[in-house]
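Trainee: One file: final_4.cif (mmCIF, C-alpha atoms and all ligand atoms).
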```cif
data_upload
#
loop_
_atom_site.label_atom_id
_atom_site.label_comp_id
_atom_site.auth_asym_id
_atom_site.auth_seq_id
_atom_site.Cartn_x
_atom_site.Cartn_y
_atom_site.Cartn_z
CA MET A 1 34.83 -21.80 16.65
CA THR A 2 31.09 -21.87 16.77
CA VAL A 3 28.39 -20.57 14.47
CA ARG A 4 26.04 -18.68 16.77
CA PRO A 5 22.34 -17.92 16.07
CA VAL A 6 21.82 -14.39 14.74
CA ARG A 7 19.30 -12.34 16.73
CA LEU A 8 16.43 -10.90 14.72
CA PHE A 9 14.79 -7.47 14.83
CA GLY A 10 12.50 -7.42 17.87
CA ASP A 11 15.14 -8.87 20.17
CA PRO A 12 15.88 -6.15 22.78
CA VAL A 13 19.63 -6.88 22.62
CA LEU A 14 19.68 -5.12 19.21
CA ARG A 15 18.44 -1.90 20.86
CA THR A 16 20.87 -2.02 23.78
CA PRO A 17 24.10 0.03 23.53
CA ALA A 18 27.10 -2.28 23.88
CA ALA A 19 29.86 -1.85 26.46
CA ALA A 20 33.50 -1.07 25.63
CA VAL A 21 35.92 -4.00 25.78
CA THR A 22 38.43 -3.54 28.62
CA ASP A 23 40.14 -6.96 28.76
CA PHE A 24 41.72 -8.26 25.58
CA ASP A 25 41.71 -11.83 26.79
CA LYS A 26 40.95 -15.34 25.57
CA GLN A 27 37.20 -14.70 25.73
CA ILE A 28 37.49 -11.76 23.30
CA ARG A 29 39.55 -13.82 20.87
CA ARG A 30 36.91 -16.53 21.11
CA LEU A 31 34.16 -13.97 20.46
CA VAL A 32 35.96 -12.66 17.34
CA LYS A 33 36.36 -16.23 16.06
CA ASP A 34 32.68 -17.01 16.62
CA LEU A 35 31.64 -13.77 14.88
CA THR A 36 33.96 -14.53 11.95
CA GLN A 37 32.62 -18.08 11.63
CA THR A 38 28.99 -16.94 11.89
CA LEU A 39 29.53 -14.18 9.29
CA ARG A 40 31.07 -16.70 6.89
CA ASP A 41 28.22 -19.14 7.49
CA GLN A 42 25.65 -16.41 6.76
CA ARG A 43 27.65 -15.02 3.81
CA GLY A 44 27.22 -11.53 5.19
CA ALA A 45 29.34 -8.39 4.85
CA GLY A 46 29.45 -7.56 8.54
CA LEU A 47 28.32 -8.80 11.93
CA SER A 48 28.38 -7.15 15.35
CA ALA A 49 28.56 -8.82 18.76
CA PRO A 50 25.05 -7.69 19.85
CA GLN A 51 23.67 -9.61 16.85
CA ILE A 52 24.78 -12.84 18.50
CA GLY A 53 23.58 -11.64 21.89
CA VAL A 54 26.87 -10.29 23.27
CA GLY A 55 26.78 -6.68 24.51
CA LEU A 56 30.38 -5.73 23.66
CA ARG A 57 31.79 -3.23 21.16
CA VAL A 58 33.14 -5.71 18.60
CA PHE A 59 32.35 -6.31 14.94
CA VAL A 60 33.74 -8.31 12.03
CA PHE A 61 33.58 -7.47 8.33
CA ASP A 62 34.20 -9.15 4.98
CA VAL A 63 33.72 -6.77 2.04
CA ASP A 64 35.27 -7.35 -1.39
CA ASP A 65 37.93 -9.62 0.13
CA VAL A 66 38.84 -7.11 2.84
CA ARG A 67 38.30 -9.00 6.09
CA GLY A 68 38.92 -8.19 9.70
CA HIS A 69 37.53 -7.13 13.04
CA VAL A 70 37.49 -3.95 15.09
CA ILE A 71 37.09 -3.62 18.84
CA ASN A 72 35.92 -0.33 20.43
CA PRO A 73 35.66 1.36 17.00
CA VAL A 74 35.69 5.12 16.54
CA LEU A 75 34.65 6.46 13.13
CA ASP A 76 36.10 9.44 11.28
CA PHE A 77 34.86 10.93 8.04
CA PRO A 78 37.58 12.51 5.89
CA ASP A 79 35.04 14.43 3.75
CA ASP A 80 31.33 15.25 3.42
CA GLU A 81 30.58 13.00 0.47
CA GLU A 82 27.52 10.78 0.73
CA ASP A 83 26.38 7.68 -1.07
CA GLU A 84 22.90 6.21 -1.33
CA GLY A 85 22.83 2.48 -1.84
CA LEU A 86 21.02 -0.76 -1.14
CA GLU A 87 21.62 -2.12 2.33
CA GLY A 88 20.60 -5.25 4.19
CA CYS A 89 21.16 -6.65 7.69
CA LEU A 90 21.50 -10.23 8.94
CA SER A 91 19.03 -9.33 11.70
CA PHE A 92 16.41 -8.47 9.03
CA PRO A 93 16.49 -11.48 6.65
CA GLY A 94 15.41 -10.62 3.10
CA ILE A 95 14.94 -6.89 3.75
CA TYR A 96 16.91 -4.57 1.44
CA TYR A 97 16.36 -0.83 1.14
CA ASP A 98 18.31 2.26 0.14
CA VAL A 99 20.19 3.98 2.95
CA ARG A 100 22.19 7.20 2.68
CA ARG A 101 25.63 6.88 4.26
CA ARG A 102 28.96 8.64 4.19
CA LEU A 103 31.03 7.58 1.17
CA ASN A 104 34.39 7.53 2.99
CA THR A 105 34.95 6.25 6.49
CA VAL A 106 37.97 5.56 8.66
CA ALA A 107 37.51 3.21 11.61
CA THR A 108 40.13 3.12 14.34
CA GLY A 109 40.11 0.71 17.25
CA PHE A 110 41.88 -2.41 18.43
CA ASP A 111 42.34 -6.01 17.38
CA SER A 112 41.73 -8.93 19.73
CA ASP A 113 45.32 -8.70 21.03
CA GLY A 114 44.78 -5.06 21.97
CA ARG A 115 46.90 -3.69 19.11
CA PRO A 116 45.66 -0.53 17.37
CA VAL A 117 43.98 -1.02 13.99
CA ARG A 118 42.88 1.47 11.35
CA ILE A 119 40.53 0.52 8.50
CA VAL A 120 40.12 2.97 5.62
CA GLY A 121 37.00 2.26 3.58
CA ASP A 122 34.98 3.76 0.77
CA GLN A 123 31.66 2.70 -0.78
CA GLN A 124 30.61 -0.78 0.47
CA LEU A 125 33.31 -1.06 3.11
CA ALA A 126 32.52 2.46 4.39
CA ARG A 127 28.83 1.51 4.47
CA CYS A 128 29.64 -1.65 6.40
CA LEU A 129 31.83 0.15 8.98
CA GLN A 130 29.01 2.64 9.64
CA HIS A 131 26.30 -0.03 9.76
CA GLU A 132 28.24 -2.22 12.23
CA THR A 133 29.30 0.68 14.48
CA ASP A 134 25.63 1.74 14.61
CA HIS A 135 24.77 -1.75 15.92
CA LEU A 136 27.08 -1.12 18.90
CA ASP A 137 24.97 1.94 19.78
CA GLY A 138 21.66 0.08 19.40
CA VAL A 139 21.02 1.92 16.11
CA LEU A 140 19.57 -0.11 13.21
CA PHE A 141 19.54 0.57 9.47
CA ILE A 142 15.81 1.30 9.52
CA ASP A 143 16.69 4.34 11.69
CA ARG A 144 18.90 5.66 8.87
CA MET A 145 16.27 5.39 6.12
CA ASP A 146 14.32 8.41 4.99
CA PRO A 147 10.78 8.41 6.49
CA GLU A 148 9.01 7.18 3.34
CA THR A 149 11.47 4.31 2.81
CA ARG A 150 11.27 3.36 6.49
CA LYS A 151 7.47 3.18 6.28
CA GLN A 152 7.75 0.78 3.34
CA ALA A 153 10.44 -1.27 5.07
CA MET A 154 8.41 -1.57 8.29
CA ARG A 155 5.42 -2.79 6.30
CA GLU A 156 7.57 -5.50 4.69
CA ILE A 157 9.15 -6.39 8.06
CA ARG A 158 5.77 -6.85 9.72
CA GLN A 159 4.77 -9.26 6.95
CA ALA A 160 8.06 -11.17 6.96
CA ASP A 161 7.84 -14.83 7.99
CA TRP A 162 10.37 -14.20 10.78
CA ALA A 163 8.46 -11.19 12.22
CA GLY A 164 7.88 -11.51 15.95
CA LEU A 165 9.95 -14.68 16.26
CA PRO A 166 11.71 -13.60 19.48
CA ALA A 167 8.31 -13.01 21.13
CA PRO A 168 6.54 -15.82 23.02
CA ALA A 169 5.04 -18.37 20.62
CA VAL A 170 1.76 -18.50 22.55
CA LYS A 171 -0.40 -15.39 22.43
CA VAL A 172 -1.41 -14.21 25.87
CA SER A 173 -4.90 -12.73 26.17
CA PRO A 174 -5.26 -9.45 28.12
CA HIS A 175 -7.16 -11.42 30.75
CA ALA A 176 -4.36 -13.93 31.26
CA MET A 177 -1.85 -11.11 31.14
CA HIS A 178 -3.63 -9.46 34.07
CA GLY A 179 -3.19 -12.68 35.99
CA LEU A 180 0.51 -12.76 35.16
CA ILE A 181 1.20 -9.24 36.35
CA ARG A 182 -0.19 -10.06 39.75
ZN ZN A 201 23.08 -5.20 10.65
#
```
How does the structure come out when it is put into structure tokens?
Ligand SMILES: [Zn+2]
Mentor:
Amino acid sequence: MTVRPVRLFGDPVLRTPAAAVTDFDKQIRRLVKDLTQTLRDQRGAGLSAPQIGVGLRVFVFDVDDVRGHVINPVLDFPDDEEDEGLEGCLSFPGIYYDVRRRLNTVATGFDSDGRPVRIVGDQQLARCLQHETDHLDGVLFIDRMDPETRKQAMREIRQADWAGLPAPAVKVSPHAMHGLIR
């Protein structure tokens, strides 16, 4: 098991829809173990494969002592109830804002041996299942905020010490850039 670096907002992998898992092989079991280890290391509630740079539909979760993983998740909502609550993301260190989510969520999918799994969650677990499944579609929690909250969040993100970290460390002037394009 390996703790893998978590990709930060700005990394294009976080905006790329992930592919369905077709082979439930050793590599997938390894991926689930790495995700589990990384989530534990970061003390997070959930972590998706794209967040460690792997474009596959896999996530792990650890909410109120309910732990597990889901591969190729499909979400169902048993009712229309919603819940607004504080949400964070390991790809946005230190950023916490209110996000409106469905209160009850059922995730169905597979485990790393290809056996069907079904996770029934409310409140924080429901929030986590929605947040992580969004990651697999390249959707981030800032996309789920109301416009005013998102504006505030983006301001804080731009000022965060990690902002722009995936970009090249050396600024390229427009002149030099012209040279590069050639
Ligand atoms: Zn996240």
Trainee: Between A:Val6, A:Val63, A:Leu140, A:Leu103, which is the closest to ligand ZN 201 (chain A) once you count all atoms listed in the file?
Mentor: A:Leu140
Trainee: List all protein, DNA and RNA residues that have any atom at most 7 Å from ligand ZN 201 (chain A), counting all atoms listed in the file, and write the list as a PDB file with C-alpha atoms, in the frame of the given file.
Mentor:
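Saved as out_23.pdb:
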```pdb
ATOM      1  CA  LEU A  47      28.320  -8.800  11.930  1.00  0.00           C
ATOM      2  CA  GLY A  88      20.600  -5.250   4.190  1.00  0.00           C
ATOM      3  CA  CYS A  89      21.160  -6.650   7.690  1.00  0.00           C
ATOM      4  CA  LEU A  90      21.500 -10.230   8.940  1.00  0.00           C
ATOM      5  CA  SER A  91      19.030  -9.330  11.700  1.00  0.00           C
ATOM      6  CA  HIS A 131      26.300  -0.030   9.760  1.00  0.00           C
ATOM      7  CA  GLU A 132      28.240  -2.220  12.230  1.00  0.00           C
ATOM      8  CA  HIS A 135      24.770  -1.750  15.920  1.00  0.00           C
ATOM      9  CA  LEU A 140      19.570  -0.110  13.210  1.00  0.00           C
ATOM     10  CA  PHE A 141      19.540   0.570   9.470  1.00  0.00           C
TER      11      PHE A 141
END
```
Trainee: Go through region 120-148 of chain A residue by residue and, counting all atoms listed in the file, keep those with an atom at most 8 Å from region 16-22 of chain A; for each kept residue give the shortest atom pair and its distance in Å to one decimal, ordered by chain and increasing number, as a Markdown table.
Mentor:
```
| residue | atom | partner | partner_atom | distance |
| --- | --- | --- | --- | --- |
| A:His135 | CA | A:Pro17 | CA | 7.8 |
| A:Leu136 | CA | A:Ala18 | CA | 5.1 |
| A:Asp137 | CA | A:Pro17 | CA | 4.3 |
| A:Gly138 | CA | A:Pro17 | CA | 4.8 |
```
Trainee: How would the residues just chosen look if you wrote them out with C-alpha atoms as a short mmCIF file (atom, residue, chain, number, x, y, z; two decimals), in the coordinates of the input?
Mentor:
```
data_model
loop_
_atom_site.label_atom_id
_atom_site.label_comp_id
_atom_site.auth_asym_id
_atom_site.auth_seq_id
_atom_site.Cartn_x
_atom_site.Cartn_y
_atom_site.Cartn_z
CA HIS A 135 24.77 -1.75 15.92
CA LEU A 136 27.08 -1.12 18.90
CA ASP A 137 24.97 1.94 19.78
CA GLY A 138 21.66 0.08 19.40
#
```
Trainee: For each of A:Pro78, A:Gly164, A:Gly68, A:Gly85, take the minimum atom-to-atom distance to Gln123 (chain A), counting all atoms listed in the file, then give the residue where this is smallest.
Mentor: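 For Gln123 (chain A), the nearest of the candidates is A:Gly85.
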Trainee: Can you tell me which residues surround Thr105 (chain A) at a distance of at most 9 Å, considering all atoms listed in the file, apart from same-chain residues fewer than 3 positions away, and format the answer as a list in words?
Mentor: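 Once the adjacent positions are removed, what remains is Leu75, Asp76, Phe77, Pro78, Asp79, Arg102, Ile119, Val120, Gly121, Asp122, Gln123, Leu125, Ala126, Arg127, Leu129 and Gln130 of chain A.
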Trainee: Mind checking which residues fall within 12 Å of Gln152 (chain A), counting all atoms listed in the file, ignoring those fewer than 6 positions away in the same chain, and posting them as a list in words?
Mentor: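 My reading of the contact set: Ile95, Tyr96, Tyr97, Asp98, Ile142, Met145, Asp146, Arg158 and Gln159 of chain A.
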Trainee: Just how far from CA of Arg57 (chain A) is CA of Pro73 (chain A), in Å to one decimal?
Mentor: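 Taking CA of Pro73 (chain A) as the start and CA of Arg57 (chain A) as the end point, the length is 7.3 Å.
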Trainee: Would you compute the distance between CA of Arg144 (chain A) and CA of Val32 (chain A)? Give it in Å to one decimal.
Mentor: 26.4 Å
Trainee: Between CA of Leu14 (chain A) and CA of Arg155 (chain A), what is the distance in Å, rounded to a tenth?
Mentor: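 Taking CA of Leu14 (chain A) as the start and CA of Arg155 (chain A) as the end point, the length is 19.4 Å.
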Trainee: Looking at A:Lys151, A:Arg40, A:Arg29, A:Arg101, which one is nearest to Arg4 (chain A), with distances taken over only C-alpha atoms?
Mentor: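 Between A:Lys151, A:Arg40, A:Arg29, A:Arg101, the residue approaching Arg4 (chain A) most closely is A:Arg40.
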Trainee: Neighbouring residues of Pro93 (chain A) were defined as those with any atom within 10 Å, considering all atoms listed in the file; residues of the same chain fewer than 6 positions away were excluded. Please report them as a PDB file with C-alpha atoms, in the frame of the given file.
Mentor:
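Below you can see result-v3.pdb, which holds the result:
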```pdb
ATOM      1  CA  LEU A   8      16.430 -10.900  14.720  1.00  0.00           C
ATOM      2  CA  PHE A   9      14.790  -7.470  14.830  1.00  0.00           C
ATOM      3  CA  ILE A 157       9.150  -6.390   8.060  1.00  0.00           C
ATOM      4  CA  ALA A 160       8.060 -11.170   6.960  1.00  0.00           C
ATOM      5  CA  ASP A 161       7.840 -14.830   7.990  1.00  0.00           C
ATOM      6  CA  TRP A 162      10.370 -14.200  10.780  1.00  0.00           C
ATOM      7  CA  ALA A 163       8.460 -11.190  12.220  1.00  0.00           C
TER       8      ALA A 163
END
```
Trainee: Residues around (38.4, 1.1, 14.7), cut-off 9 Å, counting all atoms listed in the file - what are they as a list of chain:residue names?
Mentor: A:His69, A:Val70, A:Ile71, A:Asn72, A:Pro73, A:Val74, A:Leu75, A:Val106, A:Ala107, A:Thr108, A:Gly109, A:Phe110, A:Asp111, A:Pro116, A:Val117, A:Arg118, A:Ile119, A:Leu129
Trainee: What's the 9 Å shell around Asp25 (chain A), counting only C-alpha atoms, without same-chain residues fewer than 3 positions away, as a list in words?
Mentor: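 Counting only C-alpha atoms, the residues come to Ile28, Arg29, Arg30, Ser112, Asp113 and Gly114 of chain A.
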Trainee: How about completing region 139-150 of chain A with all heavy atoms and giving it to me as an mmCIF file, keeping the file's coordinate frame?
Mentor:
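As a result, result_21.cif now contains:
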```cif
data_model
loop_
_atom_site.group_PDB
_atom_site.id
_atom_site.type_symbol
_atom_site.label_atom_id
_atom_site.label_comp_id
_atom_site.auth_asym_id
_atom_site.auth_seq_id
_atom_site.Cartn_x
_atom_site.Cartn_y
_atom_site.Cartn_z
ATOM 1 N N VAL A 139 21.643 1.251 17.262
ATOM 2 C CA VAL A 139 21.020 1.920 16.110
ATOM 3 C C VAL A 139 20.947 0.930 14.953
ATOM 4 O O VAL A 139 21.923 0.217 14.673
ATOM 5 C CB VAL A 139 21.842 3.169 15.711
ATOM 6 C CG1 VAL A 139 21.303 3.781 14.420
ATOM 7 C CG2 VAL A 139 21.825 4.196 16.844
ATOM 8 N N LEU A 140 19.784 0.857 14.290
ATOM 9 C CA LEU A 140 19.570 -0.110 13.210
ATOM 10 C C LEU A 140 19.378 0.608 11.885
ATOM 11 O O LEU A 140 19.058 1.797 11.862
ATOM 12 C CB LEU A 140 18.349 -0.965 13.537
ATOM 13 C CG LEU A 140 18.483 -1.731 14.872
ATOM 14 C CD1 LEU A 140 17.167 -2.398 15.245
ATOM 15 C CD2 LEU A 140 19.610 -2.755 14.793
ATOM 16 N N PHE A 141 19.571 -0.117 10.774
ATOM 17 C CA PHE A 141 19.540 0.570 9.470
ATOM 18 C C PHE A 141 18.194 1.192 9.150
ATOM 19 O O PHE A 141 18.140 2.176 8.414
ATOM 20 C CB PHE A 141 20.098 -0.316 8.352
ATOM 21 C CG PHE A 141 19.204 -1.399 7.805
ATOM 22 C CD1 PHE A 141 19.267 -1.757 6.456
ATOM 23 C CD2 PHE A 141 18.327 -2.093 8.609
ATOM 24 C CE1 PHE A 141 18.481 -2.759 5.933
ATOM 25 C CE2 PHE A 141 17.529 -3.111 8.095
ATOM 26 C CZ PHE A 141 17.601 -3.439 6.764
ATOM 27 N N ILE A 142 17.118 0.659 9.737
ATOM 28 C CA ILE A 142 15.810 1.300 9.520
ATOM 29 C C ILE A 142 15.797 2.724 10.076
ATOM 30 O O ILE A 142 15.074 3.578 9.575
ATOM 31 C CB ILE A 142 14.653 0.475 10.162
ATOM 32 C CG1 ILE A 142 14.991 0.084 11.598
ATOM 33 C CG2 ILE A 142 14.334 -0.763 9.344
ATOM 34 C CD1 ILE A 142 13.832 -0.567 12.345
ATOM 35 N N ASP A 143 16.607 2.991 11.099
ATOM 36 C CA ASP A 143 16.690 4.340 11.690
ATOM 37 C C ASP A 143 17.360 5.326 10.739
ATOM 38 O O ASP A 143 17.214 6.533 10.903
ATOM 39 C CB ASP A 143 17.496 4.317 12.998
ATOM 40 C CG ASP A 143 16.980 3.283 13.981
ATOM 41 O OD1 ASP A 143 15.766 3.004 13.964
ATOM 42 O OD2 ASP A 143 17.796 2.741 14.759
ATOM 43 N N ARG A 144 18.138 4.815 9.791
ATOM 44 C CA ARG A 144 18.900 5.660 8.870
ATOM 45 C C ARG A 144 18.173 5.888 7.554
ATOM 46 O O ARG A 144 18.670 6.599 6.685
ATOM 47 C CB ARG A 144 20.262 5.026 8.573
ATOM 48 C CG ARG A 144 21.148 4.817 9.797
ATOM 49 C CD ARG A 144 21.646 6.125 10.334
ATOM 50 N NE ARG A 144 22.670 5.938 11.371
ATOM 51 C CZ ARG A 144 23.161 6.933 12.087
ATOM 52 N NH1 ARG A 144 22.728 8.170 11.903
ATOM 53 N NH2 ARG A 144 24.078 6.694 12.999
ATOM 54 N N MET A 145 17.016 5.220 7.372
ATOM 55 C CA MET A 145 16.270 5.390 6.120
ATOM 56 C C MET A 145 15.486 6.691 6.164
ATOM 57 O O MET A 145 15.127 7.165 7.244
ATOM 58 C CB MET A 145 15.280 4.213 5.950
ATOM 59 C CG MET A 145 15.949 2.871 5.732
ATOM 60 S SD MET A 145 14.738 1.526 5.754
ATOM 61 C CE MET A 145 15.857 0.107 5.804
ATOM 62 N N ASP A 146 15.184 7.237 4.971
ATOM 63 C CA ASP A 146 14.320 8.410 4.990
ATOM 64 C C ASP A 146 12.908 7.934 5.363
ATOM 65 O O ASP A 146 12.587 6.757 5.221
ATOM 66 C CB ASP A 146 14.376 9.175 3.659
ATOM 67 C CG ASP A 146 13.779 8.400 2.518
ATOM 68 O OD1 ASP A 146 12.572 8.060 2.580
ATOM 69 O OD2 ASP A 146 14.511 8.107 1.564
ATOM 70 N N PRO A 147 12.060 8.831 5.888
ATOM 71 C CA PRO A 147 10.780 8.410 6.490
ATOM 72 C C PRO A 147 9.913 7.554 5.565
ATOM 73 O O PRO A 147 9.314 6.572 6.019
ATOM 74 C CB PRO A 147 10.086 9.731 6.815
ATOM 75 C CG PRO A 147 11.201 10.722 6.971
ATOM 76 C CD PRO A 147 12.296 10.277 6.034
ATOM 77 N N GLU A 148 9.860 7.919 4.276
ATOM 78 C CA GLU A 148 9.010 7.180 3.340
ATOM 79 C C GLU A 148 9.538 5.759 3.146
ATOM 80 O O GLU A 148 8.789 4.788 3.159
ATOM 81 C CB GLU A 148 8.956 7.944 2.002
ATOM 82 C CG GLU A 148 7.773 7.590 1.144
ATOM 83 C CD GLU A 148 6.448 7.513 1.910
ATOM 84 O OE1 GLU A 148 6.105 8.459 2.676
ATOM 85 O OE2 GLU A 148 5.760 6.485 1.764
ATOM 86 N N THR A 149 10.848 5.628 2.988
ATOM 87 C CA THR A 149 11.470 4.310 2.810
ATOM 88 C C THR A 149 11.276 3.471 4.058
ATOM 89 O O THR A 149 10.981 2.279 3.986
ATOM 90 C CB THR A 149 12.988 4.485 2.524
ATOM 91 O OG1 THR A 149 13.144 5.385 1.434
ATOM 92 C CG2 THR A 149 13.649 3.162 2.186
ATOM 93 N N ARG A 150 11.422 4.103 5.228
ATOM 94 C CA ARG A 150 11.270 3.360 6.490
ATOM 95 C C ARG A 150 9.857 2.807 6.621
ATOM 96 O O ARG A 150 9.655 1.673 7.058
ATOM 97 C CB ARG A 150 11.604 4.256 7.683
ATOM 98 C CG ARG A 150 11.631 3.452 8.993
ATOM 99 C CD ARG A 150 11.773 4.310 10.230
ATOM 100 N NE ARG A 150 12.855 5.276 10.065
ATOM 101 C CZ ARG A 150 12.699 6.587 10.181
ATOM 102 N NH1 ARG A 150 11.537 7.098 10.483
ATOM 103 N NH2 ARG A 150 13.725 7.405 10.011
#
```
